[in-house]
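J.: One structure coming up, written as structure tokens, with questions to follow.
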Amino acid sequence: MTAADDGGTTTLVVRVENKAGVLARVAGLFARRGFNIESLAVAPTDDERFSRLTIVVGVDAAPMEQVVKQLDKLVNVVDIQELNPSASVERELMMVTVRAEPEIRGQILDLVRIFQATVLNVGYDEIMVSLTGSPSRVDDFEGLLRPYGIVDVQRTGKVALPKLVKAAPDPLAP
Amino acid sequence: MNMNGGQALMKALENEGVDILFGLPGGAILPVYDPLIDSSIRHVLVRHEQGAGHMAEGYAHATGRPGVAMVTSGPAATNIVTPLCDAYMDSIPMVVVTGQVPYAAIGTDAFQECDTTGITMSVTKHNYLVTEAADIPQVIHDAFYIATTGRPGPVLVDIPKDIVDPNNPRSAMEWYTPDSHDLPGYLPNQAGDAELIRQAAKLICEAERPVLYTGGGILKSRGAEALLELAELTGIPVVTTLMNRGGFPDDHPQCLGMPGMHGNYTAVTAMQEADLLIALGARFDDRVTGKVGEFAPLAKIIHVDIDSAELGKVRRPDVAIQGDCRVVIEELVKALKEMGGSEAQPDRNQWRSRISGWQERFPLTYEQSKGDELLKPQYVLEQLRDSTPSDTIVASGVGQHQMWTSQYWKFNHPYTWVNSGGLGTMGFAIPAAIGAKAGRPDRMVWAVDGDGCFQMTAQELVTAATEGFPIKVALINNAYLGMVRQWQEMFYEERYSEVYLTRDVPDYKMWAEALGCVGLRVESPEEVGPAIAQANEINDQPVVVEFRCEAEENVFPMVPAGMSNSDVVVDPSQRDQPR
Ligand SMILES: Cc1ncc(C[n+]2csc(CCOP(=O)(O)OP(=O)(O)O)c2C)c(N)n1
Ligand SMILES: [Mg+2]
């Protein structure tokens with residue numbers, strides 16, 4: 001499944017204690033309970049005691065309530081936020097190296113411009129670019145580059161934060 | 001106070017109130033066995049580390065206090081994996097300390113190194129690899145807290161040798177007494193939601209055919225008294241799962257006994273016909289539900305459990321209450337009293353008379369042995385039940401003998417049944433009985449064991465003999481891995497494959513004597529009573545009584561695996577009874 005099938009996935013943002021073996025505990029729990037991880041990103045938080053895991057789980061593959069409750073039982077898991085794609089802002093980073101003989105390099109640079117991607121490195125017949133965007137935009141970009149010949153691609157898996165409240169508070173409210 | 005990590009470990013265990021430790025030393029844990037000599041904690045030297053783990057479990061079963069085992073690294077750690085898994089499945093509070101190779105050697109495939117925390121991650125509630133001597137007091141304090149609170153379970157603490165070895169500077173530390181826990185992700189909640197409890201009370205007051213479906217959570221929460229009050233206030237019949245035998249007295253008129261695969265007909269059928277199941281500390285295990293989709297099809301569900309992951313895991317409840325069973329039951333009793341108490345309960349005479357009809361038509365039954373037939377195991381258990389004090393603690397192995405024990409014993413006191421339910425671990429009985437005796441030396445402790453099970457952990461009888469635990473073993477010798485034989489008879493067209501153990505090898509009487517026990521052998525019904533009486537008199541030595549039993553006896557009733565509970569197979573003599 002690709003990130004474009006967002007309807008079929010849920011994103012869990014899991015705050016864990018920053019301790020040895022915590023990732024193994026989380027990954028082991030998914031394996032043992034037969035839940036599938038679509039993607040996983042790990043990063044430190046502003047509080048060095050904790051790390052944040054962003055886990056994309058296929059919702060068809062697992063009863064989400066069980067996933068969350070079993071995760072929550074891990075002693076090192078501090079809290080879990082379930083992020084529905086429509087209620088969150090999601091980003092993913094892709095780095096990709098594409099075939100780019102001098103005569104078609106211009107076409108690829110066109111795509112880079114349209115997607116506001118970044119050129120990272122250029123070789124005599126290849127070019128390396130990066131794009132940060134919503135998972136579906138990254139999918140689109142990857143799809144458009146594919147016919148030129150993708151030599152190497154790395155995607156981080158998505159990270160997400162909940163969307164912010166739009167309506168300003170009622171100034172007359174107490 | 002300056003000390004080394006090994007001394008700190010012993011002091012930390014003492015501070016947690018540990019009075020007995022089951023274990024066996026070896027290279028990596030050696031430094032801790034030295035300060036043990038000066039400790040107030042009694043150590044019981046086992047003959048196999050699996051024994052240490054099951055003893056710790058038996059101790060916890062019988063006392064409610066966490067059992068503690070200590071073993072070395074590598075093969076000792078792997079030997080204790082089975083008890084950890086057993087304790088995990090049955091929510092037994094237990095702390096296991098394992099030795100580990102020195103911290104700097106971890107990851108190098110050092111002698112007797114194994115990835116103990118990795119191996120045990122999925123069979124412990126939590127585990128630790130301690131890296132600094134200074135962490136020992138806090139980790140031990142946290143380990144006991146985790147093992148005993150919330151849904152109890154086993155916690156393993158892996159300790160590299162260098163941080164407990166006085167000859168290594170890494171073991172030097174300053175003692176401190178931890179006064180809090182550093183567990184930001186662990187906040188066990190006891191109390192149930194008041195509104196949900198009120199909703200549950202309302203459902204109870206509306207139900208015409210309710211059943212209290214009570215599991216191990218009753219015993220874990222020390223909730224037997226609260227359950228009795230709830231049952232008597234409402235008059236609702238009670239089924240006690242394999243994990244809650246003794247949590248509600250079998251001699252109580254409302255007690256229907258054990259449900260499930262080998263439960264009695266009435267308990268199974270009452271749940272099938274119920275319009276409300278009040279599940280208290282029970283987890284809708286497949287051995288109870290049979291085919292889940294056809295389990296209790298008419299029933300609304302109230303589900304109370306300390307572990308919110310159990311709520312809705314198997315069956316979606318109508319009212320789900322996360323909380324400690326005892327606390328929630330007490331609140332439920334209050335709510336019911338506010339609604340009018342027993343006056344507010346509907347007339348359930350019809351339900352009661354249907355239940356007593358089943359009880360009359362489908363009691364547990366077996367045919368007494370005739371002529372020169374060998375003993376019937378059910379007869380042995382009835383005799384044992386009737387000639388021991390009612391607060392006798394019974395530990396059992398896994399197999400037919402386990403089911404017969406649960407069926408035929410009368411459990412009238414909590415914490416008298418010590419058993420491996422979730423994992424079904426053959427070999428559990430003897431070490432668990434030793435652990436129970438260690439925790440309750442005032443009680444008579446009988447292990448009921450199968451001949452297959454006995455051969456898995458009999459060596460712990462040496463521990464019992466030398467360490468002074470005069471347990472008694474009723475060995476049901478049916479010459480077979482009987483439970484498996486029964487399945488092959490019923491579901492594999494009597495094609496028996498690798499289930500015959502032989503009748504006379506080993507010679508159990510001689511073996512018992514060699515292990516330091518009194519060995520008795522019983523072959524005829526008249527000898528059963530006297531042999532039990534003789535065993536009951538012996539208090540300075542363990543006793544093994546070999547009961548030579550019929551091989552062909554089967555456990556009934558039975559719900560074949562994967563079938564609906566409505567298709568429960570009763571004893572052949574009852575098959576023409578109207579249901
Ligand atoms: C460690 C282990 N191995 C295998 C099994 C599968 N098993 C369940 S019951 C049983 C037979 C037990 O035989 P015995 O102890 O003689 O008891 P019986 O059924 O004859 O009473 C077996 C092999 C198990 N539960 N545990
Ligand atoms: Mg047998």
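Residues are named by chain letter and number: chains run A, B, ... in the order of the structure tokens, numbers start at 1 in each chain, and ligands are numbered from 1 in the order shown.
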Tell me as a CSV table (one decimal) with N, CA, C and O atoms, in the first residue's frame which residues belonging to chain B come within 9 Å of chain A, counting only C-alpha atoms.
T.:
chain,number,residue,atom,x,y,z
B,117,THR,N,16.7,-9.9,27.8
B,117,THR,CA,15.6,-8.9,27.7
B,117,THR,C,14.9,-9.0,26.3
B,117,THR,O,13.6,-8.9,26.2
B,118,GLY,N,15.6,-9.3,25.3
B,118,GLY,CA,15.0,-9.5,24.0
B,118,GLY,C,14.1,-10.7,23.9
B,118,GLY,O,13.0,-10.7,23.5
B,121,MET,N,10.9,-10.2,26.2
B,121,MET,CA,10.1,-9.0,26.0
B,121,MET,C,8.6,-9.3,25.8
B,121,MET,O,7.8,-8.6,26.4
B,122,SER,N,8.3,-10.3,25.1
B,122,SER,CA,6.9,-10.6,24.8
B,122,SER,C,6.3,-11.5,25.8
B,122,SER,O,5.1,-11.7,25.7
B,125,LYS,N,5.5,-8.4,31.6
B,125,LYS,CA,4.8,-7.2,31.6
B,125,LYS,C,5.8,-6.0,31.3
B,125,LYS,O,5.5,-5.1,30.6
B,126,HIS,N,7.0,-6.2,31.8
B,126,HIS,CA,8.1,-5.3,31.5
B,126,HIS,C,9.4,-5.9,31.9
B,126,HIS,O,9.4,-6.8,32.7
B,129,LEU,N,17.2,-4.1,31.5
B,129,LEU,CA,18.6,-4.4,31.5
B,129,LEU,C,19.3,-3.3,32.3
B,129,LEU,O,19.2,-2.1,31.9
B,146,ILE,N,5.5,-2.4,39.3
B,146,ILE,CA,4.8,-2.8,38.0
B,146,ILE,C,4.2,-4.2,38.1
B,146,ILE,O,3.1,-4.5,37.7
B,183,LEU,N,8.1,6.5,36.3
B,183,LEU,CA,7.4,5.7,35.3
B,183,LEU,C,6.3,6.6,34.6
B,183,LEU,O,5.1,6.4,34.8
B,184,PRO,N,6.8,7.6,33.8
B,184,PRO,CA,5.8,8.5,33.2
B,184,PRO,C,4.7,7.8,32.3
B,184,PRO,O,3.6,8.4,32.1
B,185,GLY,N,5.0,6.6,31.8
B,185,GLY,CA,4.1,5.9,30.9
B,185,GLY,C,3.2,4.9,31.7
B,185,GLY,O,2.6,4.1,31.0
B,186,TYR,N,3.3,4.8,33.0
B,186,TYR,CA,2.6,3.8,33.7
B,186,TYR,C,1.8,4.3,34.9
B,186,TYR,O,2.3,4.7,35.9
B,187,LEU,N,0.5,4.4,34.6
B,187,LEU,CA,-0.4,5.0,35.6
B,187,LEU,C,-1.6,4.1,35.8
B,187,LEU,O,-2.7,4.4,35.2
B,307,ASP,N,-7.6,-4.2,32.8
B,307,ASP,CA,-6.9,-4.0,31.6
B,307,ASP,C,-7.8,-3.6,30.5
B,307,ASP,O,-8.6,-4.4,30.0
B,308,SER,N,-7.8,-2.3,30.1
B,308,SER,CA,-8.8,-1.8,29.1
B,308,SER,C,-8.6,-2.5,27.8
B,308,SER,O,-9.6,-2.6,27.0
B,309,ALA,N,-7.5,-3.1,27.5
B,309,ALA,CA,-7.3,-3.8,26.2
B,309,ALA,C,-8.2,-5.1,26.2
B,309,ALA,O,-8.4,-5.6,25.1
B,310,GLU,N,-8.6,-5.6,27.3
B,310,GLU,CA,-9.5,-6.8,27.4
B,310,GLU,C,-10.9,-6.4,27.0
B,310,GLU,O,-11.7,-7.2,26.6
B,312,GLY,N,-13.6,-5.5,24.9
B,312,GLY,CA,-13.8,-5.4,23.5
B,312,GLY,C,-12.8,-6.2,22.6
B,312,GLY,O,-12.9,-6.2,21.4
B,313,LYS,N,-11.9,-6.9,23.3
B,313,LYS,CA,-10.9,-7.6,22.5
B,313,LYS,C,-11.5,-8.8,21.8
B,313,LYS,O,-11.2,-9.0,20.6
J.: Can you list, as a PyMOL selection string, every protein, DNA or RNA residue that comes within 10 Å of Ser40 (chain B) when you count only C-alpha atoms, leaving out same-chain residues fewer than 6 positions away?
T.: chain B and resi 10-11+14+18-20
J.: I need the residues from that last selection saved to file as a compact mmCIF listing (two decimals), in the first residue's frame (with N, CA and C atoms), if you can.
T.:
# COMPACT_ATOMS: atom_id res chain seq x y z
N MET B 10 20.43 -7.07 47.19
CA MET B 10 19.84 -7.80 48.31
C MET B 10 19.05 -6.85 49.20
N LYS B 11 19.62 -5.69 49.45
CA LYS B 11 18.94 -4.73 50.31
C LYS B 11 17.63 -4.25 49.66
N GLU B 14 15.09 -6.95 50.11
CA GLU B 14 14.61 -6.95 51.50
C GLU B 14 13.61 -5.81 51.71
N VAL B 18 10.62 -9.02 50.49
CA VAL B 18 10.85 -10.38 50.01
C VAL B 18 11.35 -11.23 51.18
N ASP B 19 10.69 -12.37 51.41
CA ASP B 19 11.16 -13.25 52.49
C ASP B 19 11.75 -14.54 51.93
N ILE B 20 11.47 -14.83 50.67
CA ILE B 20 11.97 -16.08 50.11
C ILE B 20 12.29 -15.91 48.64
J.: List all protein, DNA and RNA residues that have any atom at most 6 Å from ligand 1, counting only C-alpha atoms and all ligand atoms, and write the list as a PyMOL selection string.
T.: chain B and resi 398-401+424-426+450-453+478+480-484
J.: So which one's closest to Pro85 (chain A), A:Leu145, A:Ile150, A:Leu12, A:Ala167? Using only C-alpha atoms, please.
T.: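 For Pro85 (chain A), the nearest of the candidates is A:Leu12.
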J.: Which residues in region 54-262 of chain B does DSSP call strand (DSSP E or B)? List them as number ranges by chain.
T.: B: 67-71, 94-100, 126-129, 154-160, 172-174, 210-214, 238-240, 255-257
J.: Could you write those residues out with C-alpha atoms, as a JSON list (two decimals), in the first residue's frame?
T.:
[["chain", "number", "residue", "atom", "x", "y", "z"],
["B", 67, "GLY", "CA", 7.04, -14.44, 43.93],
["B", 68, "VAL", "CA", 10.73, -13.88, 43.35],
["B", 69, "ALA", "CA", 13.26, -16.02, 41.49],
["B", 70, "MET", "CA", 16.94, -15.46, 40.83],
["B", 71, "VAL", "CA", 19.01, -17.35, 38.27],
["B", 94, "MET", "CA", 6.49, -12.19, 39.85],
["B", 95, "VAL", "CA", 9.95, -10.66, 39.74],
["B", 96, "VAL", "CA", 12.78, -12.60, 38.15],
["B", 97, "VAL", "CA", 16.38, -11.48, 38.54],
["B", 98, "THR", "CA", 18.78, -12.87, 35.94],
["B", 99, "GLY", "CA", 22.54, -12.55, 35.79],
["B", 100, "GLN", "CA", 24.09, -11.21, 32.60],
["B", 126, "HIS", "CA", 8.09, -5.25, 31.52],
["B", 127, "ASN", "CA", 11.79, -5.99, 31.69],
["B", 128, "TYR", "CA", 14.99, -4.14, 32.46],
["B", 129, "LEU", "CA", 18.62, -4.40, 31.54],
["B", 154, "PRO", "CA", 6.03, -10.92, 35.63],
["B", 155, "VAL", "CA", 8.88, -8.40, 35.49],
["B", 156, "LEU", "CA", 12.42, -9.45, 34.68],
["B", 157, "VAL", "CA", 15.53, -7.58, 35.81],
["B", 158, "ASP", "CA", 18.71, -8.50, 33.95],
["B", 159, "ILE", "CA", 21.88, -7.55, 35.83],
["B", 160, "PRO", "CA", 25.33, -7.52, 34.24],
["B", 172, "ALA", "CA", 30.57, 0.84, 43.67],
["B", 173, "MET", "CA", 27.53, 2.88, 44.54],
["B", 174, "GLU", "CA", 25.88, 4.92, 47.23],
["B", 210, "PRO", "CA", -28.31, -12.91, 34.14],
["B", 211, "VAL", "CA", -25.10, -14.82, 34.90],
["B", 212, "LEU", "CA", -22.06, -13.60, 36.78],
["B", 213, "TYR", "CA", -19.10, -14.74, 34.66],
["B", 214, "THR", "CA", -16.18, -14.44, 37.06],
["B", 238, "VAL", "CA", -22.16, -17.43, 39.38],
["B", 239, "VAL", "CA", -19.83, -19.32, 37.08],
["B", 240, "THR", "CA", -16.21, -19.51, 38.14],
["B", 255, "CYS", "CA", -22.47, -21.41, 42.32],
["B", 256, "LEU", "CA", -22.66, -23.16, 38.95],
["B", 257, "GLY", "CA", -18.97, -24.06, 38.83]]
J.: Suppose you want the space between CA of Gly529 (chain B) and CA of Ile393 (chain B); what is it in Å?
T.: 18.6 Å
J.: I'd like the contact shell of Asn412 (chain B) - 10 Å cut-off, only C-alpha atoms, skipping same-chain residues fewer than 5 positions apart - returned as a list in words.
T.: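 The residues that qualify are Arg245, Gly246, Gly247, Phe248, Pro249, Asp250, Asp251, His252, Ser390, Asp391 and Thr392 of chain B.
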J.: Limited to C-alpha atoms, could you put the picked residues into a file as a tab-separated table (two decimals), in the first residue's frame?
T.:
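File written: again-v7.tsv
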chain	number	residue	atom	x	y	z
B	245	ARG	CA	-11.99	-21.58	41.19
B	246	GLY	CA	-12.31	-20.73	44.86
B	247	GLY	CA	-13.14	-17.09	44.14
B	248	PHE	CA	-16.75	-17.98	44.87
B	249	PRO	CA	-17.52	-20.96	47.10
B	250	ASP	CA	-18.52	-24.13	45.27
B	251	ASP	CA	-20.88	-25.05	48.11
B	252	HIS	CA	-22.87	-21.84	47.66
B	390	SER	CA	-11.41	-27.74	53.20
B	391	ASP	CA	-8.69	-25.11	53.05
B	392	THR	CA	-6.20	-27.51	51.46
J.: Within 9 Å of Met243 (chain B), counting only C-alpha atoms, which residues qualify if same-chain residues fewer than 3 places away don't, as a PyMOL selection string?
T.: chain B and resi 90+214-217+219+240+246-247+282+417-422
J.: Quick one: residues within 9 Å of Leu161 (chain A), only C-alpha atoms counted, chain neighbours fewer than 2 positions away excluded, as a list in words?
T.: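 The neighbour list is Val13, Leu83, Ala87, Ser88, Val89, Glu90, Val159, Lys163 and Leu164 of chain A.
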J.: Keeping N, CA and C atoms, export the residues of the selection given above as a PDB file, in the first residue's frame.
T.:
ATOM      1  N   VAL A  13       0.698   8.885  16.658  1.00  0.00           N
ATOM      2  CA  VAL A  13       1.857   9.618  17.152  1.00  0.00           C
ATOM      3  C   VAL A  13       2.067   9.173  18.585  1.00  0.00           C
ATOM      4  N   LEU A  83      -4.139  10.108  14.767  1.00  0.00           N
ATOM      5  CA  LEU A  83      -4.358  11.219  13.842  1.00  0.00           C
ATOM      6  C   LEU A  83      -5.036  10.728  12.575  1.00  0.00           C
ATOM      7  N   ALA A  87      -7.683  15.250   9.746  1.00  0.00           N
ATOM      8  CA  ALA A  87      -7.588  16.162  10.879  1.00  0.00           C
ATOM      9  C   ALA A  87      -6.139  16.486  11.216  1.00  0.00           C
ATOM     10  N   SER A  88      -5.246  16.177  10.269  1.00  0.00           N
ATOM     11  CA  SER A  88      -3.844  16.421  10.588  1.00  0.00           C
ATOM     12  C   SER A  88      -3.100  16.942   9.377  1.00  0.00           C
ATOM     13  N   VAL A  89      -1.973  17.550   9.635  1.00  0.00           N
ATOM     14  CA  VAL A  89      -1.085  17.981   8.562  1.00  0.00           C
ATOM     15  C   VAL A  89       0.052  16.969   8.517  1.00  0.00           C
ATOM     16  N   GLU A  90       0.271  16.423   7.325  1.00  0.00           N
ATOM     17  CA  GLU A  90       1.258  15.341   7.209  1.00  0.00           C
ATOM     18  C   GLU A  90       2.366  15.755   6.243  1.00  0.00           C
ATOM     19  N   VAL A 159       5.493  12.083   8.928  1.00  0.00           N
ATOM     20  CA  VAL A 159       5.287  12.604  10.284  1.00  0.00           C
ATOM     21  C   VAL A 159       4.064  13.499  10.222  1.00  0.00           C
ATOM     22  N   LYS A 163      -4.188  19.223  13.009  1.00  0.00           N
ATOM     23  CA  LYS A 163      -4.542  20.546  12.475  1.00  0.00           C
ATOM     24  C   LYS A 163      -4.922  21.484  13.612  1.00  0.00           C
ATOM     25  N   LEU A 164      -4.692  22.743  13.386  1.00  0.00           N
ATOM     26  CA  LEU A 164      -4.964  23.720  14.446  1.00  0.00           C
ATOM     27  C   LEU A 164      -6.409  24.200  14.364  1.00  0.00           C
TER      28      LEU A 164
END
J.: Got a sec: who's within 10 Å of Val57 (chain A), counting only C-alpha atoms, leaving out chain neighbours fewer than 2 positions off, as a list in words?
T.: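 So, after excluding close chain neighbours, the residues are Gly8, Thr9, Thr10, Thr11, Leu12, Phe30, Phe35, Asn36, Ile37, Glu38, Ser39, Leu40, Thr54, Ile55, Val59, Asp60, Ala61, Ala62, Met64 and Val67 of chain A.
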J.: Looking at only C-alpha atoms, which of A:Arg99, A:Arg33, A:Lys166, A:Arg91 is the one that sits closest to Pro135 (chain A)?
T.: A:Arg91
J.: Provide the CA of Pro35 (chain B) to CA of Gly64 (chain B) distance in Å, to one decimal place.
T.: 27.1 Å
J.: Among region 40-75 of chain A, which residues does DSSP mark as alpha helix (DSSP H) when it is run on the backbone? Keep the chain and numbering as in the structure and answer as a CSV table (one decimal) with C-alpha atoms, in the first residue's frame.
T.:
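New file out15.csv:
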chain,number,residue,atom,x,y,z
A,64,MET,CA,-7.2,0.1,15.7
A,65,GLU,CA,-8.7,0.2,19.2
A,66,GLN,CA,-6.7,-3.0,20.1
A,67,VAL,CA,-3.5,-1.5,18.6
A,68,VAL,CA,-3.8,1.6,20.7
A,69,LYS,CA,-4.7,-0.2,23.9
A,70,GLN,CA,-2.0,-2.8,23.6
A,71,LEU,CA,0.6,0.0,22.8
A,72,ASP,CA,-0.6,2.0,25.7
A,73,LYS,CA,0.1,-1.0,28.0
